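Asker: To be precise about what I am sending: the file is called structure08.txt and holds compact mmCIF, C-alpha atoms.
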```txt
# COMPACT_ATOMS: atom_id res chain seq x y z
CA CYS A 1 -7.20 -19.69 -14.65
CA CYS A 2 -6.38 -16.49 -12.79
CA THR A 3 -2.78 -15.95 -13.88
CA GLY A 4 -3.21 -12.25 -14.58
CA GLN A 5 -3.42 -12.56 -18.35
CA GLY A 6 -4.65 -9.26 -19.79
CA VAL A 7 -4.38 -7.43 -16.43
CA ASN A 8 -2.28 -4.27 -16.10
CA ILE A 9 -0.65 -4.06 -12.68
CA GLY A 10 1.38 -1.16 -11.37
CA ILE A 11 3.96 -1.06 -8.61
CA ILE A 12 4.91 2.27 -7.06
CA ASP A 13 8.08 1.66 -5.09
CA ASP A 14 11.87 2.12 -5.17
CA GLY A 15 12.27 0.69 -8.67
CA ILE A 16 12.99 -2.82 -9.91
CA ASP A 17 15.85 -5.03 -11.03
CA ASP A 18 14.12 -6.04 -14.26
CA ASN A 19 17.15 -8.11 -15.30
CA HIS A 20 16.64 -10.47 -12.37
CA SER A 21 16.06 -14.08 -13.39
CA VAL A 22 12.62 -14.24 -11.75
CA PHE A 23 11.42 -11.70 -14.35
CA SER A 24 12.78 -13.60 -17.36
CA ASN A 25 9.25 -14.15 -18.69
CA THR A 26 7.64 -10.98 -17.34
CA ASP A 27 5.71 -8.70 -19.66
CA PHE A 28 6.80 -5.20 -18.64
CA GLY A 29 4.86 -2.07 -19.50
CA GLU A 30 6.33 1.34 -18.87
CA MET A 31 9.06 1.88 -16.28
CA LEU A 32 9.38 5.49 -15.13
CA ASP A 33 11.51 7.27 -12.54
CA PHE A 34 9.78 10.02 -10.55
CA SER A 35 12.42 10.09 -7.80
CA ASN A 36 14.15 13.37 -6.98
CA PRO A 37 17.01 13.63 -7.58
CA PRO A 38 16.63 10.90 -10.23
CA GLY A 39 18.64 7.79 -9.52
CA TYR A 40 19.97 9.09 -6.20
CA LEU A 41 20.97 6.26 -3.84
CA TYR A 42 18.50 3.76 -5.30
CA GLY A 43 20.11 3.27 -8.74
CA ALA A 44 19.83 4.95 -12.12
CA GLU A 45 16.46 5.39 -13.83
CA HIS A 46 14.07 2.61 -12.78
CA GLU A 47 16.80 0.45 -11.20
CA ASP A 48 16.41 -0.83 -7.64
CA ASN A 49 19.58 -0.94 -5.52
CA ILE A 50 17.75 -1.67 -2.27
CA GLY A 51 15.59 -4.69 -3.14
CA HIS A 52 12.20 -3.62 -1.79
CA GLY A 53 10.53 -2.98 -5.14
CA THR A 54 12.16 -6.02 -6.69
CA GLY A 55 10.95 -8.27 -3.89
CA THR A 56 7.42 -6.89 -4.01
CA ALA A 57 7.28 -7.26 -7.79
CA SER A 58 8.46 -10.86 -7.57
CA ILE A 59 5.49 -11.67 -5.35
CA ILE A 60 3.23 -10.30 -8.07
CA VAL A 61 4.74 -11.59 -11.34
CA GLY A 62 7.83 -13.63 -10.43
CA ASP A 63 8.70 -16.94 -12.09
CA PRO A 64 10.18 -19.91 -10.23
CA GLY A 65 13.80 -19.44 -9.28
CA THR A 66 16.42 -20.80 -6.91
CA TRP A 67 17.52 -19.52 -3.56
CA GLU A 68 20.73 -18.25 -5.13
CA ASP A 69 18.64 -16.00 -7.41
CA HIS A 70 17.22 -14.15 -4.39
CA GLY A 71 20.38 -12.54 -3.06
CA TRP A 72 18.49 -9.41 -2.00
CA LEU A 73 16.80 -11.49 0.71
CA TRP A 74 20.03 -12.37 2.50
CA GLN A 75 19.97 -9.11 4.43
CA PHE A 76 16.73 -10.15 6.14
CA ILE A 77 17.82 -13.63 7.28
CA PRO A 78 19.11 -14.08 10.85
CA ASP A 79 22.71 -15.21 11.05
CA ASP A 80 21.78 -18.32 13.02
CA VAL A 81 19.49 -19.87 10.37
CA PRO A 82 21.00 -23.26 9.44
CA GLU A 83 22.08 -23.69 5.81
CA GLU A 84 19.76 -26.66 5.32
CA TYR A 85 16.74 -24.41 5.83
CA LEU A 86 17.73 -22.35 2.80
CA THR A 87 17.98 -25.19 0.32
CA GLY A 88 15.05 -25.29 -2.08
CA GLN A 89 13.12 -22.52 -0.36
CA PHE A 90 12.38 -20.72 -3.65
CA ASP A 91 12.59 -23.56 -6.16
CA ALA A 92 8.82 -23.47 -6.71
CA PHE A 93 8.22 -19.78 -6.10
CA THR A 94 5.70 -18.21 -8.48
CA GLY A 95 4.04 -14.82 -8.30
CA VAL A 96 0.28 -14.50 -7.87
CA ALA A 97 -0.21 -13.07 -11.38
CA PRO A 98 2.77 -14.17 -13.52
CA ASP A 99 1.03 -13.42 -16.84
CA ALA A 100 0.06 -9.85 -15.98
CA THR A 101 1.71 -6.80 -17.52
CA LEU A 102 3.75 -4.97 -14.89
CA HIS A 103 4.23 -1.19 -14.92
CA VAL A 104 6.95 0.19 -12.64
CA TYR A 105 6.99 3.68 -11.11
CA LYS A 106 9.99 4.60 -8.99
CA ILE A 107 9.32 7.30 -6.39
CA PHE A 108 12.07 6.98 -3.77
CA PRO A 109 13.50 9.33 -2.78
CA GLY A 110 11.07 12.03 -3.77
CA GLY A 111 8.50 12.73 -1.05
CA GLN A 112 4.88 13.63 -1.73
CA PRO A 113 5.45 15.10 -5.23
CA ALA A 114 6.97 11.84 -6.47
CA SER A 115 4.26 9.75 -4.79
CA ILE A 116 1.48 11.79 -6.34
CA ALA A 117 3.17 11.75 -9.75
CA GLY A 118 3.34 7.97 -9.57
CA ILE A 119 -0.32 7.65 -8.59
CA GLU A 120 -1.44 10.05 -11.31
CA ARG A 121 0.46 8.06 -13.94
CA THR A 122 -1.50 4.92 -13.04
CA MET A 123 -4.66 6.87 -13.82
CA ASP A 124 -3.43 7.96 -17.23
CA PRO A 125 -0.46 5.94 -18.54
CA ASN A 126 -0.55 7.45 -22.03
CA GLY A 127 -0.51 11.01 -20.65
CA ASN A 128 -3.58 12.24 -22.54
CA CYS A 129 -5.12 13.92 -19.51
CA GLY A 130 -2.56 16.70 -19.17
CA ASP A 131 -0.92 17.97 -16.00
CA ASP A 132 -3.96 18.63 -13.80
CA LEU A 133 -5.53 15.17 -13.55
CA LEU A 134 -7.08 15.58 -10.12
CA SER A 135 -9.30 18.44 -11.29
CA LEU A 136 -10.87 16.45 -14.16
CA PRO A 137 -14.26 14.70 -13.90
CA VAL A 138 -13.82 11.01 -13.11
CA ARG A 139 -15.70 9.97 -16.27
CA ASP A 140 -13.36 11.87 -18.58
CA PHE A 141 -12.44 9.76 -21.61
CA CYS A 142 -8.73 10.30 -21.02
CA PHE A 143 -8.80 7.91 -18.05
CA GLU A 144 -9.85 4.94 -20.18
CA ASP A 145 -6.30 3.57 -20.23
CA HIS A 146 -5.98 3.47 -16.42
CA LEU A 147 -4.21 0.51 -14.82
CA ASP A 148 -6.26 -2.24 -13.20
CA VAL A 149 -4.45 -2.79 -9.90
CA VAL A 150 -1.61 -0.87 -8.22
CA ASN A 151 0.49 -1.98 -5.26
CA CYS A 152 2.04 0.59 -2.91
CA SER A 153 3.96 -0.81 0.05
CA TRP A 154 4.62 2.52 1.73
CA GLY A 155 2.91 5.38 3.54
CA SER A 156 3.25 8.23 6.01
CA PRO A 157 1.18 9.56 8.94
CA GLY A 158 -1.67 11.95 8.31
CA TYR A 159 -5.35 12.84 8.39
CA PRO A 160 -7.29 10.95 5.66
CA LEU A 161 -9.09 13.93 4.13
CA ASN A 162 -6.06 16.26 4.28
CA HIS A 163 -3.18 14.00 3.26
CA PRO A 164 -2.14 14.80 -0.37
CA GLY A 165 -1.32 11.18 -1.16
CA SER A 166 -4.63 10.02 0.26
CA ILE A 167 -6.48 12.51 -1.93
CA ALA A 168 -4.60 11.33 -5.03
CA ALA A 169 -5.18 7.65 -4.23
CA GLY A 170 -8.90 8.29 -3.77
CA ALA A 171 -9.02 9.99 -7.16
CA ALA A 172 -7.33 6.98 -8.74
CA VAL A 173 -9.97 4.67 -7.29
CA ASP A 174 -12.69 6.96 -8.60
CA VAL A 175 -11.49 6.50 -12.19
CA GLY A 176 -11.30 2.70 -11.84
CA VAL A 177 -7.88 1.82 -10.39
CA THR A 178 -7.83 -0.70 -7.52
CA MET A 179 -5.27 0.83 -5.15
CA VAL A 180 -3.61 -1.39 -2.55
CA PHE A 181 -1.54 0.09 0.28
CA SER A 182 0.30 -1.24 3.30
CA ALA A 183 -1.06 -0.31 6.71
CA GLY A 184 2.40 0.51 8.03
CA ASN A 185 5.04 -0.86 10.37
CA ALA A 186 4.21 1.21 13.47
CA GLY A 187 2.34 -1.37 15.55
CA PRO A 188 2.81 -2.14 19.27
CA GLY A 189 5.97 -4.16 18.58
CA ALA A 190 7.64 -1.64 16.31
CA PRO A 191 10.93 -0.06 17.40
CA THR A 192 10.28 3.18 19.25
CA ASN A 193 12.37 5.32 16.93
CA SER A 194 11.56 8.73 15.53
CA SER A 195 9.94 7.28 12.39
CA TRP A 196 7.59 5.13 14.45
CA GLN A 197 6.75 7.97 16.82
CA SER A 198 5.63 10.13 13.90
CA TYR A 199 2.73 7.74 13.29
CA VAL A 200 1.37 8.20 16.81
CA LEU A 201 -1.57 10.59 16.86
CA PRO A 202 -0.60 13.72 18.81
CA GLY A 203 -1.90 13.38 22.37
CA ASN A 204 -2.34 9.59 22.15
CA PRO A 205 -0.32 7.08 24.16
CA ALA A 206 2.42 5.45 22.12
CA ASP A 207 0.82 1.99 22.13
CA GLY A 208 0.93 1.23 18.40
CA TYR A 209 -2.79 1.70 17.85
CA GLN A 210 -4.29 4.31 15.52
CA THR A 211 -1.04 4.21 13.53
CA VAL A 212 -2.30 3.31 10.03
CA GLY A 213 -0.44 5.39 7.48
CA CYS A 214 -1.71 7.33 4.48
CA PRO A 215 -2.69 6.83 1.66
CA GLY A 216 -3.73 3.55 3.30
CA CYS A 217 -5.91 5.70 5.57
CA ASN A 218 -8.28 6.42 2.68
CA PRO A 219 -11.50 4.35 2.89
CA LYS A 220 -11.53 3.89 -0.91
CA VAL A 221 -8.24 1.96 -1.04
CA ILE A 222 -7.49 -1.58 0.13
CA THR A 223 -5.20 -1.43 3.16
CA VAL A 224 -3.23 -4.50 4.16
CA GLY A 225 -1.64 -5.31 7.49
CA ALA A 226 1.04 -7.93 8.11
CA THR A 227 0.73 -11.43 9.53
CA LYS A 228 3.25 -14.00 10.70
CA LYS A 229 3.35 -17.18 8.64
CA TYR A 230 5.04 -20.33 9.88
CA SER A 231 8.42 -20.97 8.31
CA PRO A 232 11.66 -22.48 9.58
CA LEU A 233 13.38 -19.37 8.18
CA TRP A 234 11.79 -16.84 10.47
CA SER A 235 10.90 -16.42 14.12
CA ASP A 236 10.08 -13.56 16.45
CA GLY A 237 13.40 -13.35 18.21
CA GLY A 238 15.72 -13.80 15.28
CA THR A 239 16.32 -17.43 16.20
CA THR A 240 15.14 -20.57 14.47
CA GLY A 241 12.23 -22.52 15.78
CA GLY A 242 9.27 -21.44 13.69
CA THR A 243 7.10 -19.34 16.01
CA LEU A 244 5.27 -17.59 13.16
CA ASP A 245 1.70 -18.79 13.39
CA GLY A 246 -0.49 -16.61 11.17
CA THR A 247 -1.32 -14.03 13.83
CA ILE A 248 -0.99 -10.29 13.30
CA ALA A 249 2.66 -9.24 13.23
CA SER A 250 3.63 -7.19 16.26
CA TYR A 251 5.05 -4.41 14.09
CA SER A 252 1.96 -4.13 11.87
CA SER A 253 0.08 -0.84 12.27
CA ARG A 254 -3.29 -1.01 14.01
CA GLY A 255 -6.41 0.99 13.39
CA PRO A 256 -8.45 2.97 13.38
CA THR A 257 -7.07 5.83 11.30
CA TRP A 258 -6.30 9.26 12.61
CA PRO A 259 -9.43 11.51 12.60
CA ILE A 260 -10.56 12.25 9.06
CA TYR A 261 -9.27 15.79 9.52
CA ASP A 262 -7.64 17.71 12.34
CA GLY A 263 -10.29 18.57 14.94
CA SER A 264 -12.72 15.82 13.91
CA GLU A 265 -13.64 12.82 16.05
CA GLU A 266 -14.63 10.61 13.09
CA THR A 267 -12.19 7.87 12.05
CA TYR A 268 -12.11 5.05 9.50
CA ASP A 269 -11.78 1.37 10.35
CA LYS A 270 -8.51 0.10 8.91
CA PRO A 271 -6.75 -2.04 7.82
CA ASP A 272 -9.09 -3.94 5.48
CA ILE A 273 -7.03 -7.13 5.33
```
Spell out the structure here as structure tokens.

Answerer:
Amino acid sequence: CCTGQGVNIGIIDDGIDDNHSVFSNTDFGEMLDFSNPPGYLYGAEHEDNIGHGTGTASIIVGDPGTWEDHGWLWQFIPDDVPEEYLTGQFDAFTGVAPDATLHVYKIFPGGQPASIAGIERTMDPNGNCGDDLLSLPVRDFCFEDHLDVVNCSWGSPGYPLNHPGSIAAGAAVDVGVTMVFSAGNAGPGAPTNSSWQSYVLPGNPADGYQTVGCPGCNPKVITVGATKKYSPLWSDGGTTGGTLDGTIASYSSRGPTWPIYDGSEETYDKPDI
């Protein structure tokens, strides 16, 4: 039951290492590169030289592998984690929907045009709708091939009704795509760098609240925050000891959203999960 058989899942991210051993049994659909310039920094075509898209995809459709197969994770492990904690950590790792068909859309780097192109493709994978998808009625026959679920672990600050990515994501939901976005990493415990500061609503104190990014700001999409799960691998201070207890991660963006448009006082309650 519930292995994803017959379900078409999309991931809009920085590409994927589809030759990785955890994808040895994965059913891949189309893999397209919308990044601009194509292949810059992140690898040629759909390839992922950073690891973010590959890691996210493994959570969705990955097969069991060994710790040695997950080399991209080494960069996130504190230097003081004892070797014995690493042994067998991924020997029984399986994605949540290993039998699903995975479609990969690479958008980094590329900004809003690449993001919107990726979202539009999930609405119309066979390209029958033409170049102006967002102007078509939601019941148009050309959307019948839309994907079922799409994961997007990224975002940027903005007003829900004005943000181009938010508008595109809402349109995708309207035609039947379940769109899932991250809330963001601009919570109270996030580093106070320029990227984090951009999520703070102009005129608000920089306390990490009202920092949910878009398209996750759209009420039609499912927006997911981060929690801390107990593991001997991770802890708050970069030292071992297992302090991760299932509470909201300090860096996770808090709601509500920015006002629905500049000048409004109405906001949306986010994240959803």

Asker: Tell me, in Å to one decimal, how far CA of Leu32 (chain A) is from CA of Val224 (chain A).

Answerer: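 Computed distance, CA of Leu32 (chain A) to CA of Val224 (chain A), equals 25.1 Å.
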
Asker: Name the residues in contact with Ile167 (chain A) at a cut-off of 8 Å, using all atoms listed in the file, excluding same-chain residues fewer than 6 positions from it; report them as a ChimeraX atom specification.

Answerer: /A:160-161,215,218

Asker: Keeping only C-alpha atoms, write the selected residues as a PDB file, keeping the file's coordinate frame.

Answerer:
```pdb
ATOM      1  CA  PRO A 160      -7.290  10.950   5.660  1.00  0.00           C
ATOM      2  CA  LEU A 161      -9.090  13.930   4.130  1.00  0.00           C
ATOM      3  CA  PRO A 215      -2.690   6.830   1.660  1.00  0.00           C
ATOM      4  CA  ASN A 218      -8.280   6.420   2.680  1.00  0.00           C
TER       5      ASN A 218
END
```

Asker: Would you be able to write out as an MDAnalysis selection string which residues have an atom within 8 Å of (-9.2, 5.7, 11.0) in the file's coordinates, counting all atoms listed in the file?

Answerer: chainID A and resid 160 210 212 217 255:260 266:270

Asker: What does the structure give for the distance between CA of Tyr199 (chain A) and CA of Ala172 (chain A), in Å to one decimal?

Answerer: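 Pair CA of Tyr199 (chain A) / CA of Ala172 (chain A) returns 24.2 Å.
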
Asker: Taking into account all atoms listed in the file, which residue in the set A:Val96, A:Val177, A:Met123, A:Ile12 is nearest to Phe141 (chain A)?

Answerer: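 So, comparing all the options, the nearest one is A:Met123.
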
Asker: Scan for residues within 9 Å of the point (-1.8, 6.3, -19.1) in the coordinates of the file, using only C-alpha atoms, and reply as a ChimeraX atom specification.

Answerer: /A:120-129,142-147

Asker: Could you please take those selected residues and save C-alpha atoms as a CSV table (one decimal), keeping the file's coordinate frame?

Answerer:
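As written to disk, out.csv reads:
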```
chain,number,residue,atom,x,y,z
A,120,GLU,CA,-1.4,10.0,-11.3
A,121,ARG,CA,0.5,8.1,-13.9
A,122,THR,CA,-1.5,4.9,-13.0
A,123,MET,CA,-4.7,6.9,-13.8
A,124,ASP,CA,-3.4,8.0,-17.2
A,125,PRO,CA,-0.5,5.9,-18.5
A,126,ASN,CA,-0.6,7.4,-22.0
A,127,GLY,CA,-0.5,11.0,-20.6
A,128,ASN,CA,-3.6,12.2,-22.5
A,129,CYS,CA,-5.1,13.9,-19.5
A,142,CYS,CA,-8.7,10.3,-21.0
A,143,PHE,CA,-8.8,7.9,-18.0
A,144,GLU,CA,-9.8,4.9,-20.2
A,145,ASP,CA,-6.3,3.6,-20.2
A,146,HIS,CA,-6.0,3.5,-16.4
A,147,LEU,CA,-4.2,0.5,-14.8
```

Asker: Please determine, counting all atoms listed in the file, which residue among A:Gln197, A:Thr26, A:Thr227, A:Ser264 has the shortest atom-to-atom distance to Thr247 (chain A).

Answerer: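 Selected residue with least distance to Thr247 (chain A): A:Thr227.
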
Asker: So how far away is CA of His103 (chain A) from CA of His46 (chain A), in Å?

Answerer: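 According to the coordinates, CA of His46 (chain A) and CA of His103 (chain A) are separated by 10.8 Å.
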
Asker: Looking at only C-alpha atoms, which of A:Ser253, A:Ser198, A:Thr223, A:Gly203 is the one that sits closest to Ala186 (chain A)?

Answerer: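 Checking each of A:Ser253, A:Ser198, A:Thr223, A:Gly203 against Ala186 (chain A), counting only C-alpha atoms, the winner is A:Ser253.
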
Asker: Mind checking which residues fall within 10 Å of region 52-64 of chain A, counting only C-alpha atoms, ignoring those fewer than 3 positions away in the same chain, and posting them as a PyMOL selection string?

Answerer: chain A and resi 3-4+9-18+20-28+47-49+67+69-70+72-73+90-106+151-153

Asker: May I have the residues within 10 Å of Val200 (chain A) as a list in words, using all atoms listed in the file and disregarding those fewer than 4 positions away in the same chain?

Answerer: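 My reading of the contact set: Pro157, Gly158, Ala186, Gly187, Ser195, Trp196, Asn204, Pro205, Ala206, Asp207, Gly208, Tyr209, Gln210, Thr211, Val212, Gly213 and Trp258 of chain A.
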
Asker: Of the candidates A:Gly225, A:Met31, A:Asp174, A:Gly189, which one gets nearest to Glu45 (chain A) if we count only C-alpha atoms?

Answerer: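 The shortest atom-to-atom distance to Glu45 (chain A) comes from A:Met31.
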
Asker: Where atoms are absent from region 50-63 of chain A, fill them in so it carries N, CA and C atoms, then output it as a compact mmCIF listing (two decimals), keeping the file's coordinate frame.

Answerer:
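Printed below is result.txt as written:
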```txt
# COMPACT_ATOMS: atom_id res chain seq x y z
N ILE A 50 18.08 -1.31 -3.65
CA ILE A 50 17.75 -1.67 -2.27
C ILE A 50 17.12 -3.07 -2.20
N GLY A 51 16.21 -3.37 -3.09
CA GLY A 51 15.59 -4.69 -3.14
C GLY A 51 14.12 -4.72 -2.78
N HIS A 52 13.60 -3.62 -2.23
CA HIS A 52 12.20 -3.62 -1.79
C HIS A 52 11.24 -3.76 -2.97
N GLY A 53 11.42 -2.91 -3.98
CA GLY A 53 10.53 -2.98 -5.14
C GLY A 53 10.68 -4.28 -5.89
N THR A 54 11.91 -4.77 -6.00
CA THR A 54 12.16 -6.02 -6.69
C THR A 54 11.48 -7.18 -5.98
N GLY A 55 11.60 -7.21 -4.66
CA GLY A 55 10.95 -8.27 -3.89
C GLY A 55 9.45 -8.23 -4.00
N THR A 56 8.87 -7.03 -3.90
CA THR A 56 7.42 -6.89 -4.01
C THR A 56 6.94 -7.31 -5.39
N ALA A 57 7.67 -6.90 -6.43
CA ALA A 57 7.28 -7.26 -7.79
C ALA A 57 7.36 -8.76 -8.02
N SER A 58 8.33 -9.42 -7.39
CA SER A 58 8.46 -10.86 -7.57
C SER A 58 7.27 -11.61 -6.98
N ILE A 59 6.69 -11.07 -5.92
CA ILE A 59 5.49 -11.67 -5.35
C ILE A 59 4.32 -11.56 -6.32
N ILE A 60 4.34 -10.52 -7.14
CA ILE A 60 3.23 -10.30 -8.07
C ILE A 60 3.41 -11.10 -9.35
N VAL A 61 4.58 -11.00 -10.01
CA VAL A 61 4.74 -11.59 -11.34
C VAL A 61 5.93 -12.53 -11.45
N GLY A 62 6.60 -12.85 -10.35
CA GLY A 62 7.83 -13.63 -10.43
C GLY A 62 7.63 -15.05 -10.95
N ASP A 63 8.66 -15.56 -11.64
CA ASP A 63 8.70 -16.94 -12.09
C ASP A 63 9.53 -17.76 -11.11
```
